[in-house]
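Student: Have a look at the structure that comes next, please.
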Amino acid sequence: MFERARIWAIGSDPGLLRLRMATRTTGALATALLALFLLTKATGQPLTVALLGVLITMVSGRTVNEPDPRRQRITMALLPIPTALAITAAALLSPHPVVADAGFVLVVFIAVYVRRFGPRGTALGMVTFMSYFFTLYLRAKFSELPWLVGATLVGSLCSFVWSAFILPDRPESILRDNIRSLRARMAIVVDTTADTVRSGELDERRRRRLRIRAGRLNETALMVQAQIEDRVNPGALWPGVSGEDLALWLFDAELTVERLATAGARVAAADIPAAARAELADTVALLSRAIRIPHHDGLQQTADLAQRLIERSSSPDDLLVRRLALAIVDAAKATAQVRARMERVATATAAQADIAEPQFRPGMLQSTRQAIQVSVAAALAIVVGEAISPSRWFWAVIAAFVVFAGTNSWAETLNKGWQRLLGTVLGVPSGVLVATLVSGSTVAALVMIFVCLFCAFYFMKVTYSLMTFWISTMLALLYGLLGEFAFSLLLLRIEETAVGAVIGIAAAMLVLPINTRARIRSEAHTFFLTLSDLVEASVASLLGSAAAVGLTETARQLGRDLQQFRATAKPMTAGLAGLAGRRSMRHGLRMLTACERYARILASSSETHIQTSPELADAIRSTSTQIRRNIDALITSLEFNQAATVFPSTDFIDAAEALARQHGDQPLAPDRRRLLAALHALRQVDRVIINAAIDLGADNGMLIPGLIS
């Protein structure tokens, strides 16, 4: 149980990125607070000066998250410039409330508008917003300006020191940790498969658990793949070894584990003798332990044991047993191969990452649209927030501002606003309880404040409501430490947060709204385009022709397209925005997920040329051509929301399989098995496309329920 818990911990935080970020930010906050406390004590400045510096430390730790450490350091070095400008403007305008509020709206617009420049623009915009807002909140005077700017310099310096020297992001170390996470994810999937086989039942709960954990394995593999592409030059390590080779090794290991899970699920659902089932489950569990152990002997022993199972299972009734045992052998061999190559990559010197240029689409940019939306929301939040509480209106403005961060549609804004409100409502009573328990002990209160901050940063990328919960708890402790703790004050925070969130959501829905379903259609369109390219490249590789695009990279791109689709569709599958049409949206997502999985099997089975007869080659090409025509019809339907006319490729696939199975009385050679696997994958892809067309005819002329409805 301890080993499983450790593997889960590693797998749940790939590369330990969340732990590293939370530790670094909390450490920087503690350092800044200590330095600024001593500085204000020595100079006689109010504690609010120190709080501004601590705030800048927290914001910079949260928002400076560029993948390249060098670019991170440059962004950190640039932070004091917009911070000083915002503090100066707020200090000059604070005696004139109306002008200061108008300036606040302008700052909000600029802070969101500069997001078009990528992570650096986002970070600089956020510190500009927070610096202006907090200076207004403190009602800072112009005479305090040098001390305020100095406090922000100290805060920025603390963040810089922690991120550049004390706990920096080292590409080699991160890649090594990511590989450990990948191995942990593989072990989790194999463990789940072993439990499923041992139980002999495949209910919906076990099926869903297998599907979710296989999906997380795919996400981690994509993360490692992206890091290899960006930071490692394999040709410098082994002459003749390209990034495509590394991608293929990783791809094969991931796919063999997925095949193992599928074979295990079929065994669990079948009527198999108890002794054979127990032996299979033990072998799968042995594979899981071998994956966790950092040497290859266990993997080889597992492969040998599974091979003996294959040799003993000779009767036709043992087909499922042989398939699972063969999947164990393949997974053990592929895992050993990928571990050997990837561990050598992990210890290599990282190359400089290439930063991709931002892609612009025609029409109004997302940053411009959101800048207008947030400006309207901020203006309304100022008016309504001041009407509720002239001294605490900033909570409403902050809520209206942050619900737009990281969102691309009104549905995402709705979900984020709801999560912020939920986290605040739950965090306030938690803060009251904790503040009551530690009242009278300054040390205990400070310790709990930093515990809350660490948890907030750690869970920031898990779920927004959890982060808000810990921040709300921390604020209650902070007010108690400052002598301002009052239950009515915390209730006011809930009220102002609700007002700000509602105003932000309303602005997203009414002011230049971005239609969520239109974005989902666009992401599905991109997915099907990549799918068409992958089918073409796979068949070309299988038949020995030159593919127009790289096979493995196209398969990975299809996985990234599915990830993007899943992220875009997430608000419509959960939360308030998904109350209507949630079932149909999940159905559409399941279809694309199945399509992506079979397409990756097709790519894996087609990676090397297979000698075929001219008749068989023609049948395979006809299958590919018809499937791509059907995909083109679906893409047209996605663009114009019209009915699609498609024709199944069943006849072509049947003909190809009949030709491939000639001399069926002889054992299938490895090439023949790969060919049949490729044809089976083509059949499944074709079935998904045809099912989409059936949904079109049965669903009021809509292509895929939940995709374009």
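If you're wondering about the labels, chains in the structure tokens are A, B, ... by order shown, residues count from 1 in each chain, ligands from 1 in order shown.
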I want to know what sits within 9 Å of Ser538 in chain A, based on only C-alpha atoms, with residues of the same chain fewer than 4 positions away left out; could you give that as a PDB file with C-alpha atoms, in the first residue's frame?

Tutor:
```pdb
ATOM      1  CA  ASP A 533      -3.543  13.061 -42.420  1.00  0.00           C
ATOM      2  CA  LEU A 534      -2.763  10.191 -40.034  1.00  0.00           C
ATOM      3  CA  LEU A 542       2.322   0.333 -44.443  1.00  0.00           C
ATOM      4  CA  LEU A 543       2.525  -0.052 -48.243  1.00  0.00           C
ATOM      5  CA  ALA A 547       4.332   9.715 -46.477  1.00  0.00           C
ATOM      6  CA  LEU A 551       3.790   9.158 -38.871  1.00  0.00           C
ATOM      7  CA  ALA A 599      -5.822   5.796 -35.016  1.00  0.00           C
ATOM      8  CA  LEU A 602      -3.120   2.092 -36.808  1.00  0.00           C
ATOM      9  CA  ALA A 603      -0.006   4.267 -36.736  1.00  0.00           C
ATOM     10  CA  SER A 604       1.875   1.813 -34.506  1.00  0.00           C
ATOM     11  CA  SER A 605       0.958  -1.135 -36.731  1.00  0.00           C
ATOM     12  CA  SER A 606       1.981   0.736 -39.885  1.00  0.00           C
ATOM     13  CA  GLU A 607       5.362   2.068 -38.846  1.00  0.00           C
ATOM     14  CA  ALA A 678      -3.910  -2.141 -38.955  1.00  0.00           C
TER      15      ALA A 678
END
```

Student: Give me the residues within 12 Å of Arg205 in chain A as a PDB file with all heavy atoms, in the first residue's frame, counting only C-alpha atoms and dropping any in the same chain fewer than 6 places off.

Tutor:
```
ATOM      1  N   THR A 192      -4.163  -1.311 -12.019  1.00  0.00           N
ATOM      2  CA  THR A 192      -5.617  -1.306 -12.177  1.00  0.00           C
ATOM      3  C   THR A 192      -6.072  -2.486 -13.019  1.00  0.00           C
ATOM      4  O   THR A 192      -7.100  -3.113 -12.732  1.00  0.00           O
ATOM      5  CB  THR A 192      -6.071   0.012 -12.824  1.00  0.00           C
ATOM      6  OG1 THR A 192      -5.531   1.114 -12.096  1.00  0.00           O
ATOM      7  CG2 THR A 192      -7.587   0.112 -12.832  1.00  0.00           C
ATOM      8  N   THR A 196      -8.531  -5.581 -11.923  1.00  0.00           N
ATOM      9  CA  THR A 196      -9.720  -5.886 -12.722  1.00  0.00           C
ATOM     10  C   THR A 196      -9.745  -7.354 -13.129  1.00  0.00           C
ATOM     11  O   THR A 196     -10.783  -8.022 -13.048  1.00  0.00           O
ATOM     12  CB  THR A 196      -9.752  -4.990 -13.978  1.00  0.00           C
ATOM     13  OG1 THR A 196      -9.692  -3.615 -13.581  1.00  0.00           O
ATOM     14  CG2 THR A 196     -11.019  -5.224 -14.780  1.00  0.00           C
ATOM     15  N   ARG A 211     -10.349   3.660 -17.971  1.00  0.00           N
ATOM     16  CA  ARG A 211     -10.352   4.687 -19.019  1.00  0.00           C
ATOM     17  C   ARG A 211      -9.698   5.976 -18.518  1.00  0.00           C
ATOM     18  O   ARG A 211      -8.889   6.590 -19.230  1.00  0.00           O
ATOM     19  CB  ARG A 211     -11.785   4.957 -19.471  1.00  0.00           C
ATOM     20  CG  ARG A 211     -11.901   5.914 -20.648  1.00  0.00           C
ATOM     21  CD  ARG A 211     -13.311   5.947 -21.201  1.00  0.00           C
ATOM     22  NE  ARG A 211     -14.293   6.381 -20.227  1.00  0.00           N
ATOM     23  CZ  ARG A 211     -15.248   5.611 -19.729  1.00  0.00           C
ATOM     24  NH1 ARG A 211     -15.355   4.351 -20.099  1.00  0.00           N
ATOM     25  NH2 ARG A 211     -16.113   6.078 -18.839  1.00  0.00           N
ATOM     26  N   ILE A 212     -10.012   6.394 -17.314  1.00  0.00           N
ATOM     27  CA  ILE A 212      -9.456   7.635 -16.768  1.00  0.00           C
ATOM     28  C   ILE A 212      -7.943   7.511 -16.589  1.00  0.00           C
ATOM     29  O   ILE A 212      -7.176   8.414 -16.951  1.00  0.00           O
ATOM     30  CB  ILE A 212     -10.137   7.994 -15.432  1.00  0.00           C
ATOM     31  CG1 ILE A 212     -11.591   8.423 -15.691  1.00  0.00           C
ATOM     32  CG2 ILE A 212      -9.375   9.087 -14.706  1.00  0.00           C
ATOM     33  CD1 ILE A 212     -12.385   8.646 -14.423  1.00  0.00           C
TER      34      ILE A 212
END
```

Student: List every residue of range 256-473 of chain A that DSSP, applied to the backbone of this structure, assigns to alpha helix (DSSP H), and report them as a ChimeraX atom specification.

Tutor: /A:256-269,274-292,297-312,319-346,366-388,394-402,410-437,442-458,464-473

Student: Name the residues in contact with Ile520 in chain A at a cut-off of 9 Å, using only C-alpha atoms, excluding same-chain residues fewer than 2 positions from it; report them as a PDB file with all heavy atoms, in the first residue's frame.

Tutor:
```pdb
ATOM      1  N   ASN A 515     -18.767  32.084 -28.462  1.00  0.00           N
ATOM      2  CA  ASN A 515     -19.637  30.922 -28.412  1.00  0.00           C
ATOM      3  C   ASN A 515     -18.830  29.658 -28.141  1.00  0.00           C
ATOM      4  O   ASN A 515     -17.936  29.299 -28.909  1.00  0.00           O
ATOM      5  CB  ASN A 515     -20.393  30.794 -29.738  1.00  0.00           C
ATOM      6  CG  ASN A 515     -21.477  29.728 -29.651  1.00  0.00           C
ATOM      7  OD1 ASN A 515     -21.185  28.546 -29.723  1.00  0.00           O
ATOM      8  ND2 ASN A 515     -22.713  30.160 -29.496  1.00  0.00           N
ATOM      9  N   THR A 516     -19.148  28.993 -27.040  1.00  0.00           N
ATOM     10  CA  THR A 516     -18.399  27.794 -26.660  1.00  0.00           C
ATOM     11  C   THR A 516     -18.565  26.681 -27.683  1.00  0.00           C
ATOM     12  O   THR A 516     -17.602  26.000 -28.054  1.00  0.00           O
ATOM     13  CB  THR A 516     -18.864  27.308 -25.278  1.00  0.00           C
ATOM     14  OG1 THR A 516     -18.715  28.372 -24.337  1.00  0.00           O
ATOM     15  CG2 THR A 516     -18.043  26.117 -24.811  1.00  0.00           C
ATOM     16  N   ARG A 517     -19.780  26.490 -28.161  1.00  0.00           N
ATOM     17  CA  ARG A 517     -20.009  25.408 -29.117  1.00  0.00           C
ATOM     18  C   ARG A 517     -19.329  25.688 -30.451  1.00  0.00           C
ATOM     19  O   ARG A 517     -18.927  24.752 -31.150  1.00  0.00           O
ATOM     20  CB  ARG A 517     -21.504  25.185 -29.292  1.00  0.00           C
ATOM     21  CG  ARG A 517     -22.177  24.711 -28.013  1.00  0.00           C
ATOM     22  CD  ARG A 517     -23.625  24.339 -28.221  1.00  0.00           C
ATOM     23  NE  ARG A 517     -24.254  23.987 -26.965  1.00  0.00           N
ATOM     24  CZ  ARG A 517     -24.215  22.774 -26.420  1.00  0.00           C
ATOM     25  NH1 ARG A 517     -23.548  21.818 -27.023  1.00  0.00           N
ATOM     26  NH2 ARG A 517     -24.814  22.541 -25.278  1.00  0.00           N
ATOM     27  N   ALA A 518     -19.186  26.965 -30.798  1.00  0.00           N
ATOM     28  CA  ALA A 518     -18.442  27.286 -32.020  1.00  0.00           C
ATOM     29  C   ALA A 518     -16.973  26.902 -31.858  1.00  0.00           C
ATOM     30  O   ALA A 518     -16.350  26.376 -32.793  1.00  0.00           O
ATOM     31  CB  ALA A 518     -18.578  28.771 -32.337  1.00  0.00           C
ATOM     32  N   SER A 522     -14.796  24.081 -33.905  1.00  0.00           N
ATOM     33  CA  SER A 522     -13.485  24.383 -34.492  1.00  0.00           C
ATOM     34  C   SER A 522     -12.440  23.357 -34.060  1.00  0.00           C
ATOM     35  O   SER A 522     -11.628  22.892 -34.882  1.00  0.00           O
ATOM     36  CB  SER A 522     -13.051  25.793 -34.084  1.00  0.00           C
ATOM     37  OG  SER A 522     -11.745  26.074 -34.540  1.00  0.00           O
ATOM     38  N   GLU A 523     -12.465  22.969 -32.769  1.00  0.00           N
ATOM     39  CA  GLU A 523     -11.499  21.980 -32.297  1.00  0.00           C
ATOM     40  C   GLU A 523     -11.769  20.607 -32.915  1.00  0.00           C
ATOM     41  O   GLU A 523     -10.830  19.871 -33.240  1.00  0.00           O
ATOM     42  CB  GLU A 523     -11.549  21.882 -30.763  1.00  0.00           C
ATOM     43  CG  GLU A 523     -11.282  23.181 -30.021  1.00  0.00           C
ATOM     44  CD  GLU A 523      -9.892  23.747 -30.271  1.00  0.00           C
ATOM     45  OE1 GLU A 523      -9.051  23.046 -30.869  1.00  0.00           O
ATOM     46  OE2 GLU A 523      -9.648  24.895 -29.885  1.00  0.00           O
ATOM     47  N   ALA A 524     -13.046  20.247 -33.093  1.00  0.00           N
ATOM     48  CA  ALA A 524     -13.370  18.980 -33.746  1.00  0.00           C
ATOM     49  C   ALA A 524     -12.914  18.990 -35.203  1.00  0.00           C
ATOM     50  O   ALA A 524     -12.432  17.980 -35.722  1.00  0.00           O
ATOM     51  CB  ALA A 524     -14.873  18.712 -33.659  1.00  0.00           C
ATOM     52  N   HIS A 525     -13.074  20.133 -35.865  1.00  0.00           N
ATOM     53  CA  HIS A 525     -12.606  20.293 -37.243  1.00  0.00           C
ATOM     54  C   HIS A 525     -11.101  20.021 -37.332  1.00  0.00           C
ATOM     55  O   HIS A 525     -10.616  19.290 -38.213  1.00  0.00           O
ATOM     56  CB  HIS A 525     -12.943  21.707 -37.718  1.00  0.00           C
ATOM     57  CG  HIS A 525     -12.418  22.054 -39.069  1.00  0.00           C
ATOM     58  ND1 HIS A 525     -11.140  22.524 -39.273  1.00  0.00           N
ATOM     59  CD2 HIS A 525     -12.998  22.007 -40.292  1.00  0.00           C
ATOM     60  CE1 HIS A 525     -10.947  22.753 -40.556  1.00  0.00           C
ATOM     61  NE2 HIS A 525     -12.063  22.445 -41.198  1.00  0.00           N
ATOM     62  N   PHE A 565      -9.404  19.550 -27.567  1.00  0.00           N
ATOM     63  CA  PHE A 565     -10.858  19.405 -27.652  1.00  0.00           C
ATOM     64  C   PHE A 565     -11.457  19.125 -26.285  1.00  0.00           C
ATOM     65  O   PHE A 565     -12.475  19.705 -25.900  1.00  0.00           O
ATOM     66  CB  PHE A 565     -11.211  18.277 -28.625  1.00  0.00           C
ATOM     67  CG  PHE A 565     -12.686  18.013 -28.729  1.00  0.00           C
ATOM     68  CD1 PHE A 565     -13.467  18.710 -29.630  1.00  0.00           C
ATOM     69  CD2 PHE A 565     -13.303  17.079 -27.904  1.00  0.00           C
ATOM     70  CE1 PHE A 565     -14.832  18.482 -29.711  1.00  0.00           C
ATOM     71  CE2 PHE A 565     -14.662  16.846 -27.975  1.00  0.00           C
ATOM     72  CZ  PHE A 565     -15.428  17.545 -28.892  1.00  0.00           C
ATOM     73  N   ARG A 566     -10.796  18.230 -25.531  1.00  0.00           N
ATOM     74  CA  ARG A 566     -11.305  17.888 -24.201  1.00  0.00           C
ATOM     75  C   ARG A 566     -11.294  19.108 -23.283  1.00  0.00           C
ATOM     76  O   ARG A 566     -12.242  19.320 -22.519  1.00  0.00           O
ATOM     77  CB  ARG A 566     -10.448  16.755 -23.609  1.00  0.00           C
ATOM     78  CG  ARG A 566     -10.968  16.239 -22.275  1.00  0.00           C
ATOM     79  CD  ARG A 566     -10.097  15.117 -21.743  1.00  0.00           C
ATOM     80  NE  ARG A 566     -10.319  13.879 -22.470  1.00  0.00           N
ATOM     81  CZ  ARG A 566      -9.400  13.275 -23.196  1.00  0.00           C
ATOM     82  NH1 ARG A 566      -8.183  13.790 -23.298  1.00  0.00           N
ATOM     83  NH2 ARG A 566      -9.657  12.146 -23.814  1.00  0.00           N
ATOM     84  N   THR A 568     -11.465  22.291 -24.223  1.00  0.00           N
ATOM     85  CA  THR A 568     -12.484  23.239 -24.681  1.00  0.00           C
ATOM     86  C   THR A 568     -13.883  22.765 -24.306  1.00  0.00           C
ATOM     87  O   THR A 568     -14.750  23.572 -23.948  1.00  0.00           O
ATOM     88  CB  THR A 568     -12.381  23.435 -26.197  1.00  0.00           C
ATOM     89  OG1 THR A 568     -11.057  23.859 -26.529  1.00  0.00           O
ATOM     90  CG2 THR A 568     -13.365  24.488 -26.682  1.00  0.00           C
ATOM     91  N   ALA A 569     -14.095  21.447 -24.400  1.00  0.00           N
ATOM     92  CA  ALA A 569     -15.426  20.906 -24.119  1.00  0.00           C
ATOM     93  C   ALA A 569     -15.684  20.691 -22.633  1.00  0.00           C
ATOM     94  O   ALA A 569     -16.821  20.407 -22.249  1.00  0.00           O
ATOM     95  CB  ALA A 569     -15.608  19.586 -24.862  1.00  0.00           C
ATOM     96  N   GLY A 706     -23.616  17.152 -29.212  1.00  0.00           N
ATOM     97  CA  GLY A 706     -22.690  17.807 -28.309  1.00  0.00           C
ATOM     98  C   GLY A 706     -21.544  18.483 -29.005  1.00  0.00           C
ATOM     99  O   GLY A 706     -20.870  19.305 -28.433  1.00  0.00           O
ATOM    100  N   LEU A 707     -21.291  18.153 -30.287  1.00  0.00           N
ATOM    101  CA  LEU A 707     -20.189  18.804 -30.980  1.00  0.00           C
ATOM    102  C   LEU A 707     -20.666  20.065 -31.677  1.00  0.00           C
ATOM    103  O   LEU A 707     -20.007  21.088 -31.658  1.00  0.00           O
ATOM    104  CB  LEU A 707     -19.563  17.852 -32.015  1.00  0.00           C
ATOM    105  CG  LEU A 707     -18.803  16.646 -31.445  1.00  0.00           C
ATOM    106  CD1 LEU A 707     -18.111  15.920 -32.586  1.00  0.00           C
ATOM    107  CD2 LEU A 707     -17.789  17.066 -30.424  1.00  0.00           C
ATOM    108  N   ILE A 708     -21.805  19.983 -32.367  1.00  0.00           N
ATOM    109  CA  ILE A 708     -22.238  21.171 -33.097  1.00  0.00           C
ATOM    110  C   ILE A 708     -23.661  21.559 -32.747  1.00  0.00           C
ATOM    111  O   ILE A 708     -24.225  22.452 -33.338  1.00  0.00           O
ATOM    112  CB  ILE A 708     -22.127  20.948 -34.626  1.00  0.00           C
ATOM    113  CG1 ILE A 708     -23.105  19.852 -35.073  1.00  0.00           C
ATOM    114  CG2 ILE A 708     -20.736  20.596 -35.027  1.00  0.00           C
ATOM    115  CD1 ILE A 708     -23.206  19.710 -36.566  1.00  0.00           C
TER     116      ILE A 708
END
```

Student: Need the shell around range 286-294 of chain A: protein/DNA/RNA residues with any atom at most 7 Å away, counting only C-alpha atoms. Skip same-chain ones fewer than 4 positions apart. Format as a JSON list (two decimals) with all heavy atoms, in the first residue's frame?

Tutor:
```json
[["chain", "number", "residue", "atom", "x", "y", "z"],
["A", 183, "ARG", "N", 6.61, 6.49, -15.76],
["A", 183, "ARG", "CA", 6.70, 5.12, -15.27],
["A", 183, "ARG", "C", 5.64, 4.87, -14.20],
["A", 183, "ARG", "O", 5.02, 3.79, -14.16],
["A", 183, "ARG", "CB", 8.10, 4.88, -14.71],
["A", 183, "ARG", "CG", 8.38, 3.42, -14.42],
["A", 183, "ARG", "CD", 9.86, 3.16, -14.24],
["A", 183, "ARG", "NE", 10.41, 3.86, -13.10],
["A", 183, "ARG", "CZ", 11.48, 4.66, -13.13],
["A", 183, "ARG", "NH1", 12.10, 4.87, -14.28],
["A", 183, "ARG", "NH2", 11.92, 5.23, -12.04],
["A", 184, "ALA", "N", 5.39, 5.85, -13.35],
["A", 184, "ALA", "CA", 4.37, 5.70, -12.32],
["A", 184, "ALA", "C", 2.99, 5.57, -12.93],
["A", 184, "ALA", "O", 2.17, 4.74, -12.50],
["A", 184, "ALA", "CB", 4.41, 6.90, -11.37],
["A", 187, "ALA", "N", 2.62, 2.14, -14.28],
["A", 187, "ALA", "CA", 2.40, 1.18, -13.20],
["A", 187, "ALA", "C", 0.98, 1.26, -12.66],
["A", 187, "ALA", "O", 0.37, 0.24, -12.31],
["A", 187, "ALA", "CB", 3.41, 1.44, -12.08],
["A", 190, "VAL", "N", -1.29, -0.55, -15.11],
["A", 190, "VAL", "CA", -1.09, -2.00, -15.02],
["A", 190, "VAL", "C", -1.65, -2.53, -13.70],
["A", 190, "VAL", "O", -2.26, -3.60, -13.67],
["A", 190, "VAL", "CB", 0.42, -2.32, -15.16],
["A", 190, "VAL", "CG1", 0.66, -3.81, -14.98],
["A", 190, "VAL", "CG2", 0.92, -1.88, -16.53],
["A", 191, "ASP", "N", -1.45, -1.81, -12.61],
["A", 191, "ASP", "CA", -2.03, -2.21, -11.32],
["A", 191, "ASP", "C", -3.55, -2.31, -11.41],
["A", 191, "ASP", "O", -4.17, -3.27, -10.92],
["A", 191, "ASP", "CB", -1.66, -1.18, -10.25],
["A", 191, "ASP", "CG", -0.49, -1.65, -9.39],
["A", 191, "ASP", "OD1", -0.29, -2.87, -9.30],
["A", 191, "ASP", "OD2", 0.22, -0.80, -8.84],
["A", 282, "ASP", "N", -1.63, -12.39, -11.32],
["A", 282, "ASP", "CA", -0.32, -12.35, -10.66],
["A", 282, "ASP", "C", 0.76, -11.90, -11.64],
["A", 282, "ASP", "O", 1.68, -11.15, -11.26],
["A", 282, "ASP", "CB", 0.03, -13.73, -10.11],
["A", 282, "ASP", "CG", -0.83, -14.11, -8.91],
["A", 282, "ASP", "OD1", -1.43, -13.20, -8.30],
["A", 282, "ASP", "OD2", -0.90, -15.32, -8.60],
["A", 298, "GLY", "N", 13.56, -7.56, -13.70],
["A", 298, "GLY", "CA", 12.16, -7.87, -13.42],
["A", 298, "GLY", "C", 11.32, -7.88, -14.68],
["A", 298, "GLY", "O", 10.41, -8.71, -14.83],
["A", 299, "LEU", "N", 11.57, -6.96, -15.60],
["A", 299, "LEU", "CA", 10.82, -6.93, -16.85],
["A", 299, "LEU", "C", 11.08, -8.19, -17.68],
["A", 299, "LEU", "O", 10.15, -8.76, -18.27],
["A", 299, "LEU", "CB", 11.20, -5.68, -17.65],
["A", 299, "LEU", "CG", 10.73, -4.35, -17.05],
["A", 299, "LEU", "CD1", 11.37, -3.18, -17.78],
["A", 299, "LEU", "CD2", 9.21, -4.25, -17.12],
["A", 302, "THR", "N", 9.27, -11.11, -16.12],
["A", 302, "THR", "CA", 7.84, -11.04, -16.41],
["A", 302, "THR", "C", 7.55, -11.49, -17.83],
["A", 302, "THR", "O", 6.58, -12.23, -18.09],
["A", 302, "THR", "CB", 7.34, -9.60, -16.21],
["A", 302, "THR", "OG1", 7.66, -9.16, -14.90],
["A", 302, "THR", "CG2", 5.84, -9.52, -16.40],
["A", 332, "ALA", "N", 6.28, -5.48, -21.42],
["A", 332, "ALA", "CA", 7.55, -5.62, -20.71],
["A", 332, "ALA", "C", 8.72, -5.24, -21.62],
["A", 332, "ALA", "O", 9.63, -4.51, -21.22],
["A", 332, "ALA", "CB", 7.71, -7.04, -20.21]]
```

Student: When you draw a straight line from CA of Val189 in chain A to CA of Ala325 in chain A, how long is it in Å?

Tutor: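 Rounded to one decimal, the two atoms are 16.0 Å apart.
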
Student: Show which residues sit within 12 Å of Leu210 in chain A, as a PyMOL selection string. Count only C-alpha atoms, and ignore same-chain residues fewer than 3 positions away.

Tutor: chain A and resi 185-186+188-197+202-207+213-217+257-265

Student: The selected residues should be written to file as an mmCIF file, in the first residue's frame (atoms: C-alpha atoms).

Tutor:
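Everything below was put into again.cif:
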```
data_model
loop_
_atom_site.group_PDB
_atom_site.id
_atom_site.type_symbol
_atom_site.label_atom_id
_atom_site.label_comp_id
_atom_site.auth_asym_id
_atom_site.auth_seq_id
_atom_site.Cartn_x
_atom_site.Cartn_y
_atom_site.Cartn_z
ATOM 1 C CA ARG A 185 1.411 6.296 -14.632
ATOM 2 C CA MET A 186 2.201 3.081 -16.491
ATOM 3 C CA ILE A 188 -0.945 2.636 -12.100
ATOM 4 C CA VAL A 189 -2.655 1.472 -15.317
ATOM 5 C CA VAL A 190 -1.086 -1.995 -15.017
ATOM 6 C CA ASP A 191 -2.030 -2.206 -11.323
ATOM 7 C CA THR A 192 -5.617 -1.306 -12.177
ATOM 8 C CA THR A 193 -5.633 -3.947 -14.897
ATOM 9 C CA ALA A 194 -4.345 -6.588 -12.460
ATOM 10 C CA ASP A 195 -7.112 -5.743 -9.966
ATOM 11 C CA THR A 196 -9.720 -5.886 -12.722
ATOM 12 C CA VAL A 197 -8.511 -9.295 -13.964
ATOM 13 C CA LEU A 202 -16.013 -5.475 -15.473
ATOM 14 C CA ASP A 203 -18.682 -3.160 -14.165
ATOM 15 C CA GLU A 204 -19.000 0.472 -15.174
ATOM 16 C CA ARG A 205 -16.962 1.672 -12.207
ATOM 17 C CA ARG A 206 -13.936 -0.469 -13.117
ATOM 18 C CA ARG A 207 -14.293 0.368 -16.802
ATOM 19 C CA ARG A 213 -6.053 6.236 -15.791
ATOM 20 C CA ALA A 214 -5.179 5.377 -19.390
ATOM 21 C CA GLY A 215 -6.077 8.955 -20.328
ATOM 22 C CA ARG A 216 -3.755 10.328 -17.640
ATOM 23 C CA LEU A 217 -0.971 8.090 -18.937
ATOM 24 C CA VAL A 257 0.295 -0.615 -21.830
ATOM 25 C CA GLU A 258 -3.020 0.541 -23.296
ATOM 26 C CA ARG A 259 -3.321 -2.744 -25.192
ATOM 27 C CA LEU A 260 -2.618 -4.586 -21.959
ATOM 28 C CA ALA A 261 -5.467 -2.707 -20.270
ATOM 29 C CA THR A 262 -7.844 -3.567 -23.125
ATOM 30 C CA ALA A 263 -6.868 -7.241 -23.090
ATOM 31 C CA GLY A 264 -7.223 -7.320 -19.300
ATOM 32 C CA ALA A 265 -10.696 -5.823 -19.488
#
```

Student: In Å, how far is it from CA of Thr530 in chain A to CA of Ala555 in chain A?

Tutor: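 It comes out at 8.3 Å.
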
Student: Fewer than 5 positions away in the same chain doesn't count, so skip those; otherwise give me all residues within 7 Å of range 382-398 of chain A, counting only C-alpha atoms, as a list in words.

Tutor: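 That gives Arg493, Glu496, Thr497, Val499 and Gly500 of chain A.
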
Student: Output all heavy atoms for every residue in the selection just made, as a short mmCIF file (atom, residue, chain, number, x, y, z; two decimals), in the first residue's frame.

Tutor:
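This went into result_31.cif:
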```
data_model
loop_
_atom_site.label_atom_id
_atom_site.label_comp_id
_atom_site.auth_asym_id
_atom_site.auth_seq_id
_atom_site.Cartn_x
_atom_site.Cartn_y
_atom_site.Cartn_z
N ARG A 493 -17.00 39.51 2.42
CA ARG A 493 -16.15 38.98 1.34
C ARG A 493 -16.94 38.05 0.44
O ARG A 493 -16.81 38.08 -0.79
CB ARG A 493 -14.94 38.24 1.92
CG ARG A 493 -14.13 37.50 0.87
CD ARG A 493 -12.85 36.93 1.41
NE ARG A 493 -12.25 35.98 0.48
CZ ARG A 493 -11.59 36.31 -0.62
NH1 ARG A 493 -11.43 37.58 -0.94
NH2 ARG A 493 -11.08 35.38 -1.40
N GLU A 496 -19.26 40.30 -1.74
CA GLU A 496 -18.55 41.02 -2.80
C GLU A 496 -18.03 40.05 -3.87
O GLU A 496 -18.06 40.36 -5.07
CB GLU A 496 -17.38 41.81 -2.19
CG GLU A 496 -17.77 42.96 -1.28
CD GLU A 496 -18.10 44.23 -2.06
OE1 GLU A 496 -18.08 44.18 -3.31
OE2 GLU A 496 -18.37 45.26 -1.42
N THR A 497 -17.55 38.89 -3.45
CA THR A 497 -17.07 37.90 -4.42
C THR A 497 -18.19 37.43 -5.32
O THR A 497 -18.02 37.28 -6.54
CB THR A 497 -16.45 36.69 -3.68
OG1 THR A 497 -15.34 37.14 -2.90
CG2 THR A 497 -15.97 35.64 -4.67
N VAL A 499 -20.90 39.09 -6.12
CA VAL A 499 -21.24 40.19 -7.03
C VAL A 499 -20.23 40.27 -8.17
O VAL A 499 -20.59 40.37 -9.35
CB VAL A 499 -21.29 41.53 -6.25
CG1 VAL A 499 -21.32 42.71 -7.22
CG2 VAL A 499 -22.52 41.56 -5.36
N GLY A 500 -18.94 40.22 -7.84
CA GLY A 500 -17.92 40.30 -8.88
C GLY A 500 -17.98 39.15 -9.85
O GLY A 500 -17.84 39.32 -11.07
#
```
